[in-house]
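Quick look at input36.cif (mmCIF, C-alpha atoms and all ligand atoms):
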```cif
data_run
#
loop_
_atom_site.group_PDB
_atom_site.id
_atom_site.type_symbol
_atom_site.label_atom_id
_atom_site.label_comp_id
_atom_site.auth_asym_id
_atom_site.auth_seq_id
_atom_site.Cartn_x
_atom_site.Cartn_y
_atom_site.Cartn_z
ATOM 1 C CA MET A 1 39.711 23.824 20.217
ATOM 2 C CA GLU A 2 37.578 20.738 19.584
ATOM 3 C CA HIS A 3 39.362 20.159 16.340
ATOM 4 C CA HIS A 4 42.718 20.303 18.138
ATOM 5 C CA ILE A 5 41.693 17.573 20.627
ATOM 6 C CA LEU A 6 40.386 15.387 17.799
ATOM 7 C CA SER A 7 43.674 15.522 15.927
ATOM 8 C CA LYS A 8 45.514 14.615 19.131
ATOM 9 C CA ILE A 9 43.239 11.606 19.595
ATOM 10 C CA ILE A 10 43.868 10.544 16.011
ATOM 11 C CA THR A 11 47.631 10.845 16.529
ATOM 12 C CA VAL A 12 47.480 8.741 19.703
ATOM 13 C CA LEU A 13 45.344 6.121 17.955
ATOM 14 C CA ALA A 14 47.722 5.963 15.018
ATOM 15 C CA ILE A 15 50.703 5.402 17.329
ATOM 16 C CA ALA A 16 48.794 2.744 19.297
ATOM 17 C CA LEU A 17 47.876 1.004 16.055
ATOM 18 C CA ALA A 18 51.488 1.042 14.896
ATOM 19 C CA ILE A 19 52.620 -0.491 18.196
ATOM 20 C CA VAL A 20 49.931 -3.184 18.029
ATOM 21 C CA LEU A 21 50.679 -4.066 14.410
ATOM 22 C CA THR A 22 54.478 -4.154 14.602
ATOM 23 C CA PRO A 23 54.940 -7.443 16.502
ATOM 24 C CA ILE A 24 52.290 -9.204 14.381
ATOM 25 C CA HIS A 25 54.152 -8.168 11.293
ATOM 26 C CA SER A 26 57.567 -9.354 12.498
ATOM 27 C CA LEU A 27 56.060 -12.618 13.791
ATOM 28 C CA SER A 28 54.521 -13.495 10.454
ATOM 29 C CA ALA A 29 57.799 -12.669 8.728
ATOM 30 C CA HIS A 30 59.503 -15.068 11.116
ATOM 31 C CA ALA A 31 56.953 -17.864 10.666
ATOM 32 C CA GLN A 32 57.503 -17.953 6.935
ATOM 33 C CA PRO A 33 61.173 -17.341 6.264
ATOM 34 C CA ARG A 34 61.984 -16.906 2.602
ATOM 35 C CA ILE A 35 63.723 -19.986 1.321
ATOM 36 C CA ASN A 36 67.200 -19.457 -0.086
ATOM 37 C CA LEU A 37 68.400 -22.613 -1.867
ATOM 38 C CA ASP A 38 71.834 -21.101 -2.530
ATOM 39 C CA GLN A 39 72.406 -20.651 1.193
ATOM 40 C CA GLY A 40 70.994 -24.159 1.691
ATOM 41 C CA ALA A 41 73.673 -25.528 -0.644
ATOM 42 C CA VAL A 42 76.413 -23.715 1.284
ATOM 43 C CA VAL A 43 75.086 -25.020 4.626
ATOM 44 C CA PHE A 44 74.866 -28.543 3.184
ATOM 45 C CA LYS A 45 78.464 -28.512 1.931
ATOM 46 C CA ALA A 46 79.770 -27.242 5.253
ATOM 47 C CA ASN A 47 77.672 -29.396 7.632
ATOM 48 C CA CYS A 48 76.086 -32.377 5.889
ATOM 49 C CA ALA A 49 78.125 -33.447 2.863
ATOM 50 C CA GLY A 50 80.689 -35.118 5.128
ATOM 51 C CA CYS A 51 78.159 -37.896 5.747
ATOM 52 C CA HIS A 52 75.575 -37.266 3.032
ATOM 53 C CA ILE A 53 77.777 -36.732 -0.025
ATOM 54 C CA LYS A 54 75.625 -36.979 -3.197
ATOM 55 C CA GLY A 55 72.564 -37.666 -1.037
ATOM 56 C CA GLY A 56 74.019 -40.860 0.389
ATOM 57 C CA ASN A 57 74.836 -41.777 3.967
ATOM 58 C CA ILE A 58 78.349 -43.011 4.673
ATOM 59 C CA VAL A 59 77.406 -44.018 8.237
ATOM 60 C CA ARG A 60 74.073 -45.794 7.635
ATOM 61 C CA ARG A 61 73.869 -46.480 3.940
ATOM 62 C CA GLY A 62 70.129 -47.250 3.994
ATOM 63 C CA LYS A 63 69.303 -43.941 5.690
ATOM 64 C CA ASN A 64 70.164 -41.779 2.740
ATOM 65 C CA LEU A 65 68.581 -38.662 1.277
ATOM 66 C CA LYS A 66 67.110 -40.223 -1.866
ATOM 67 C CA LEU A 67 63.466 -39.278 -2.453
ATOM 68 C CA LYS A 68 62.278 -42.894 -2.204
ATOM 69 C CA THR A 69 63.991 -43.308 1.164
ATOM 70 C CA LEU A 70 62.685 -39.983 2.457
ATOM 71 C CA HIS A 71 59.123 -41.041 1.498
ATOM 72 C CA LYS A 72 59.528 -44.439 3.132
ATOM 73 C CA ARG A 73 60.967 -42.959 6.315
ATOM 74 C CA LYS A 74 58.432 -40.080 6.348
ATOM 75 C CA VAL A 75 61.009 -37.301 6.238
ATOM 76 C CA ASP A 76 59.744 -36.064 2.883
ATOM 77 C CA THR A 77 58.629 -32.513 3.733
ATOM 78 C CA GLU A 78 60.708 -29.438 4.521
ATOM 79 C CA GLU A 79 59.162 -29.419 8.012
ATOM 80 C CA ALA A 80 60.006 -33.067 8.732
ATOM 81 C CA ILE A 81 63.589 -32.660 7.514
ATOM 82 C CA ALA A 82 64.001 -29.428 9.482
ATOM 83 C CA SER A 83 62.717 -31.140 12.622
ATOM 84 C CA LEU A 84 65.144 -34.069 12.227
ATOM 85 C CA VAL A 85 68.054 -31.689 11.554
ATOM 86 C CA THR A 86 67.121 -29.491 14.532
ATOM 87 C CA ASN A 87 66.777 -32.380 16.989
ATOM 88 C CA GLY A 88 69.149 -34.953 15.529
ATOM 89 C CA LYS A 89 68.476 -38.683 15.251
ATOM 90 C CA GLY A 90 70.548 -41.700 16.244
ATOM 91 C CA ILE A 91 74.198 -41.035 15.417
ATOM 92 C CA MET A 92 73.345 -37.843 13.586
ATOM 93 C CA SER A 93 73.787 -34.941 15.972
ATOM 94 C CA ALA A 94 71.297 -32.098 16.475
ATOM 95 C CA TYR A 95 71.903 -28.851 14.628
ATOM 96 C CA GLY A 96 69.445 -26.714 16.596
ATOM 97 C CA ASP A 97 72.252 -24.885 18.383
ATOM 98 C CA LYS A 98 74.742 -24.873 15.506
ATOM 99 C CA LEU A 99 72.546 -23.487 12.742
ATOM 100 C CA THR A 100 69.918 -20.736 12.748
ATOM 101 C CA PRO A 101 66.256 -21.630 11.987
ATOM 102 C CA GLU A 102 66.735 -19.912 8.614
ATOM 103 C CA GLU A 103 69.806 -22.022 7.779
ATOM 104 C CA ILE A 104 67.925 -25.194 8.790
ATOM 105 C CA ALA A 105 64.898 -24.193 6.674
ATOM 106 C CA ASN A 106 67.169 -23.478 3.718
ATOM 107 C CA VAL A 107 69.211 -26.677 3.976
ATOM 108 C CA SER A 108 65.993 -28.710 4.373
ATOM 109 C CA ALA A 109 64.501 -27.164 1.231
ATOM 110 C CA TYR A 110 67.812 -27.818 -0.537
ATOM 111 C CA VAL A 111 67.823 -31.504 0.490
ATOM 112 C CA LEU A 112 64.232 -31.948 -0.752
ATOM 113 C CA GLN A 113 64.996 -30.130 -4.000
ATOM 114 C CA ARG A 114 68.117 -32.242 -4.681
ATOM 115 C CA ALA A 115 66.234 -35.441 -3.764
ATOM 116 C CA LYS A 116 63.556 -34.556 -6.339
ATOM 117 C CA GLU A 117 66.372 -34.141 -8.890
ATOM 118 C CA ASN A 118 67.754 -37.526 -7.788
ATOM 119 C CA TRP A 119 70.954 -35.718 -6.633
ATOM 120 C CA LYS A 120 72.052 -35.238 -10.268
HETATM 121 C C1 LIG B 201 78.145 -37.493 11.200
HETATM 122 C C2 LIG B 201 77.408 -37.847 10.038
HETATM 123 C C3 LIG B 201 76.193 -37.010 9.662
HETATM 124 C C4 LIG B 201 76.128 -35.653 9.407
HETATM 125 C C5 LIG B 201 77.269 -34.654 9.440
HETATM 126 C C6 LIG B 201 74.756 -35.364 9.041
HETATM 127 N N1 LIG B 201 74.014 -36.504 9.083
HETATM 128 FE FE1 LIG B 201 72.063 -36.696 8.510
HETATM 129 N N2 LIG B 201 72.094 -38.634 9.085
HETATM 130 C C7 LIG B 201 73.172 -39.324 9.604
HETATM 131 C C8 LIG B 201 72.738 -40.622 10.084
HETATM 132 C C9 LIG B 201 73.618 -41.668 10.719
HETATM 133 C C10 LIG B 201 71.348 -40.688 9.833
HETATM 134 C C11 LIG B 201 70.392 -41.822 10.189
HETATM 135 C C12 LIG B 201 69.725 -41.477 11.523
HETATM 136 C C13 LIG B 201 68.856 -42.590 12.021
HETATM 137 O O1 LIG B 201 67.695 -42.673 11.622
HETATM 138 O O2 LIG B 201 69.370 -43.392 12.811
HETATM 139 C C14 LIG B 201 70.983 -39.438 9.185
HETATM 140 C C15 LIG B 201 69.708 -39.140 8.736
HETATM 141 C C16 LIG B 201 69.362 -37.986 8.067
HETATM 142 C C17 LIG B 201 68.092 -37.758 7.446
HETATM 143 C C18 LIG B 201 66.957 -38.761 7.365
HETATM 144 C C19 LIG B 201 67.255 -39.670 6.204
HETATM 145 C C20 LIG B 201 66.718 -41.055 6.346
HETATM 146 O O3 LIG B 201 66.804 -41.807 5.351
HETATM 147 O O4 LIG B 201 66.229 -41.414 7.417
HETATM 148 C C21 LIG B 201 68.114 -36.495 6.903
HETATM 149 C C22 LIG B 201 67.006 -35.799 6.130
HETATM 150 C C23 LIG B 201 69.416 -35.960 7.200
HETATM 151 N N3 LIG B 201 70.151 -36.887 7.890
HETATM 152 C C24 LIG B 201 69.820 -34.696 6.827
HETATM 153 C C25 LIG B 201 71.034 -34.133 7.242
HETATM 154 C C26 LIG B 201 71.379 -32.741 7.040
HETATM 155 C C27 LIG B 201 70.510 -31.724 6.318
HETATM 156 C C28 LIG B 201 72.615 -32.568 7.608
HETATM 157 C C29 LIG B 201 73.403 -31.277 7.740
HETATM 158 C C30 LIG B 201 72.741 -30.191 8.440
HETATM 159 C C31 LIG B 201 73.046 -33.855 8.128
HETATM 160 N N4 LIG B 201 72.054 -34.761 7.898
HETATM 161 C C32 LIG B 201 74.281 -34.101 8.717
HETATM 162 C C33 LIG B 201 74.465 -38.845 9.659
HETATM 163 C C34 LIG B 201 74.847 -37.530 9.469
#
```
Using structure tokens, write down the structure from this file.
Ligand code: HEC
Amino acid sequence: MEHHILSKIITVLAIALAIVLTPIHSLSAHAQPRINLDQGAVVFKANCAGCHIKGGNIVRRGKNLKLKTLHKRKVDTEEAIASLVTNGKGIMSAYGDKLTPEEIANVSAYVLQRAKENWK
């Protein structure tokens, strides 16, 4: 009898633990999305290349995506690029409601990667 109650308690605890741990797990997966540079390239071609072909800027030539410019203008991390893309800046429109956070993370990583390769 005692043994039976104990195993019930263990079962209840295990279920409670699973419930408690599940959201933590999905949150941490969300906080650090896995970067996919291939998807970043696709997003860039479809949404950014119109103005930023080969890392340039056809609207504001000085505000290009070359590494030196990104350093100077302090948009030289994935987070800073993602924030600018999400919120927009000047003539450049915001992409927060057009692209998913994953697409923005991927295109930001792609921009930084290509800038480091000098867009070659
Ligand atoms: C309609 C043209 C246009 C499109 C499309 C566009 N941008 Fe821009 N982008 C601009 C302009 C203009 C600026 C300069 C904004 C400012 O500082 O006034 C800019 C600035 C930037 C900067 C900062 C560069 C710097 O030197 O200050 C980054 C990074 C950037 N864009 C990335 C992107 C990405 C990634 C996309 C696609 C998701 C994108 N842009 C789409 C026009 C565009």
Surroundings of ligand LIG 201 (chain B) up to 6 Å, based on only C-alpha atoms and all ligand atoms, as a PyMOL selection string: chain A and resi 44+47-48+50-51+59-60+63-65+69-70+73+81+85+89-92+107-108
Between CA of Ala18 (chain A) and CA of Thr100 (chain A), what is the spacing in Å? 28.6 Å
Identify which of the residues A:Val43, A:Ile9, A:Leu112, A:Leu37 lies closest to Lys68 (chain A), counting all atoms listed in the file when measuring atom-to-atom distances.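 When distances to Lys68 (chain A) are compared using all atoms listed in the file, the smallest one comes from A:Leu112.
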Mind telling me what the PyMOL selection byres (((chain A and resi 79) around 12) and not hetatm) catches here, as a PyMOL selection string? chain A and resi 32+74-78+80-86+101+104-109+111-112
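Of note, CA of Asn87 (chain A) and CA of Ala115 (chain A) are spaced 21.0 Å apart.
Picture a line from CA of Tyr110 (chain A) to CA of Val42 (chain A); it runs 9.7 Å.
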Which protein, DNA or RNA residues are at most 10 Å from (68.4, -38.2, -6.5) in the file's coordinates when you count all atoms listed in the file, listed as an mmCIF file with C-alpha atoms, in the coordinates of the input?
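Full text of part01.cif as output:
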```
data_model
loop_
_atom_site.group_PDB
_atom_site.id
_atom_site.type_symbol
_atom_site.label_atom_id
_atom_site.label_comp_id
_atom_site.auth_asym_id
_atom_site.auth_seq_id
_atom_site.Cartn_x
_atom_site.Cartn_y
_atom_site.Cartn_z
ATOM 1 C CA LYS A 54 75.625 -36.979 -3.197
ATOM 2 C CA GLY A 55 72.564 -37.666 -1.037
ATOM 3 C CA GLY A 56 74.019 -40.860 0.389
ATOM 4 C CA LEU A 65 68.581 -38.662 1.277
ATOM 5 C CA LYS A 66 67.110 -40.223 -1.866
ATOM 6 C CA LEU A 67 63.466 -39.278 -2.453
ATOM 7 C CA LYS A 68 62.278 -42.894 -2.204
ATOM 8 C CA VAL A 111 67.823 -31.504 0.490
ATOM 9 C CA LEU A 112 64.232 -31.948 -0.752
ATOM 10 C CA GLN A 113 64.996 -30.130 -4.000
ATOM 11 C CA ARG A 114 68.117 -32.242 -4.681
ATOM 12 C CA ALA A 115 66.234 -35.441 -3.764
ATOM 13 C CA LYS A 116 63.556 -34.556 -6.339
ATOM 14 C CA GLU A 117 66.372 -34.141 -8.890
ATOM 15 C CA ASN A 118 67.754 -37.526 -7.788
ATOM 16 C CA TRP A 119 70.954 -35.718 -6.633
ATOM 17 C CA LYS A 120 72.052 -35.238 -10.268
#
```
